[in-house]
Amino acid sequence: MARRLPARWARDTRAHAAALAALCAVGAAAPARAQDTPVGVRPYRFTVEGLVAQGYYDDALVGGDQQSLGGYGVRVLFNRSTPAAALRSLAERASVGAFFVVSGEQGALDAKTAHYGVQADVSLLPRAAFRGTLDPFVSLGVGAFRSSISPRSGDGDIVNTDLAVTPAIGTRLSLIEGFGLRGDLRAPIVFGSRTSVNAVAEGGLFVSF
């Protein structure tokens, strides 16, 4: 005939079992917390960015009167990464989309520009640094660069639209989930009456969803 354990022993056994289960749960949660990126670059499909730009352009584009032009624009990107990927493959680090940046009339010749096209960004790291907050990238854009000036002769605006290829480097800085800052240093190569290499610094806020 089986003997029953004293009630005190049964209570102690249950308490020890509960403590052991709690320790196991804590041990299992620790690696998960270590791998978590609470801010991180999440596997969002779409990112929209509003930006301001400061460009320094060749004389051939803006007439030499006002080479430094301030502007603003928007960028929309699509990314195909998946939630299951702990480390992003090269394809999952790539985002593609479109951009549009303009500058209003500035300087004595009322120089203005419009730069638009498509671009691809590729993150340099399989996983964003500093617990997912810093995500450096390289970028390449292809599109059109339109410039317009009003000559002092008053004979009408001189307008040119040329092919532009734009390499760039930059980084994203996530502040909270799905929101942060982005900065770019871009070099539009414009194939106009002569090929010119220009410089543009951009910065703005992005929202991912």
# chains A, B, ... in the order shown; residues from 1 in each chain; ligands from 1
call {"tool": "residues_around", "arguments": {"residues": "Val138 of chain A", "least_positions_apart": "2", "cutoff": "7 Å", "atoms": "only C-alpha atoms", "output": "ChimeraX atom specification"}}
result
/A:121-123,168-170
call {"tool": "write_last_selection", "arguments": {"atoms": "N, CA and C atoms", "output": "CSV table (one decimal), in the first residue's frame"}}
result
chain,number,residue,atom,x,y,z
A,121,ASP,N,18.4,51.8,-52.1
A,121,ASP,CA,19.3,51.9,-50.9
A,121,ASP,C,19.7,50.5,-50.5
A,122,VAL,N,20.9,50.3,-50.1
A,122,VAL,CA,21.3,49.0,-49.5
A,122,VAL,C,22.0,49.2,-48.2
A,123,SER,N,21.5,48.7,-47.1
A,123,SER,CA,22.1,48.8,-45.8
A,123,SER,C,23.4,48.0,-45.8
A,168,ALA,N,25.3,57.9,-53.5
A,168,ALA,CA,25.2,58.6,-52.2
A,168,ALA,C,25.5,57.6,-51.0
A,169,ILE,N,25.8,58.2,-49.9
A,169,ILE,CA,26.0,57.5,-48.6
A,169,ILE,C,25.1,58.2,-47.6
A,170,GLY,N,24.7,57.4,-46.6
A,170,GLY,CA,23.9,58.0,-45.5
A,170,GLY,C,23.7,57.1,-44.4
call {"tool": "select_by_dssp", "arguments": {"residues": "segment 56-160 of chain A", "states": "strand (DSSP E)", "output": "ChimeraX atom specification"}}
result
/A:56,68-79,94-106,111-123,134-149,158-160
call {"tool": "closest_residue", "arguments": {"among": "A:Gly203, A:Gly71, A:Gly178, A:Gly143", "to": "Tyr44 of chain A", "atoms": "only C-alpha atoms"}}
result
A:Gly178
call {"tool": "select_by_dssp", "arguments": {"residues": "segment 80-133 of chain A", "states": "helix (DSSP H, G or I)", "output": "list in words"}}
result
Ala129, Phe130, Arg131 and Gly132 of chain A
call {"tool": "write_last_selection", "arguments": {"atoms": "N, CA and C atoms", "output": "compact mmCIF listing (two decimals), in the first residue's frame"}}
result
# COMPACT_ATOMS: atom_id res chain seq x y z
N ALA A 129 23.20 48.64 -36.13
CA ALA A 129 24.07 48.72 -34.97
C ALA A 129 23.37 49.39 -33.78
N PHE A 130 24.01 49.25 -32.60
CA PHE A 130 23.53 49.87 -31.37
C PHE A 130 22.07 49.51 -31.10
N ARG A 131 21.84 48.20 -31.03
CA ARG A 131 20.50 47.66 -30.73
C ARG A 131 19.46 48.16 -31.72
N GLY A 132 19.86 48.22 -32.97
CA GLY A 132 18.91 48.53 -34.03
C GLY A 132 18.66 49.98 -34.29
call {"tool": "atom_distance", "arguments": {"atom1": "atom CA of Leu173 of chain A", "atom2": "atom CA of Ala128 of chain A"}}
result
9.5 Å
call {"tool": "atom_distance", "arguments": {"atom1": "atom CA of Glu92 of chain A", "atom2": "atom CA of Arg80 of chain A"}}
result
5.8 Å
call {"tool": "closest_residue", "arguments": {"among": "A:Ala111, A:Leu90, A:Val197, A:Val190", "to": "Ile149 of chain A", "atoms": "only C-alpha atoms"}}
result
A:Ala111
call {"tool": "closest_residue", "arguments": {"among": "A:Leu69, A:Val159, A:Ala201, A:Ala164", "to": "Glu105 of chain A", "atoms": "only C-alpha atoms"}}
result
A:Leu69
call {"tool": "atom_distance", "arguments": {"atom1": "atom CA of Val200 of chain A", "atom2": "atom CA of Gly183 of chain A"}}
result
10.8 Å
call {"tool": "closest_residue", "arguments": {"among": "A:Gly97, A:Gly73, A:Pro136, A:Gly63", "to": "Leu109 of chain A", "atoms": "only C-alpha atoms"}}
result
A:Gly63
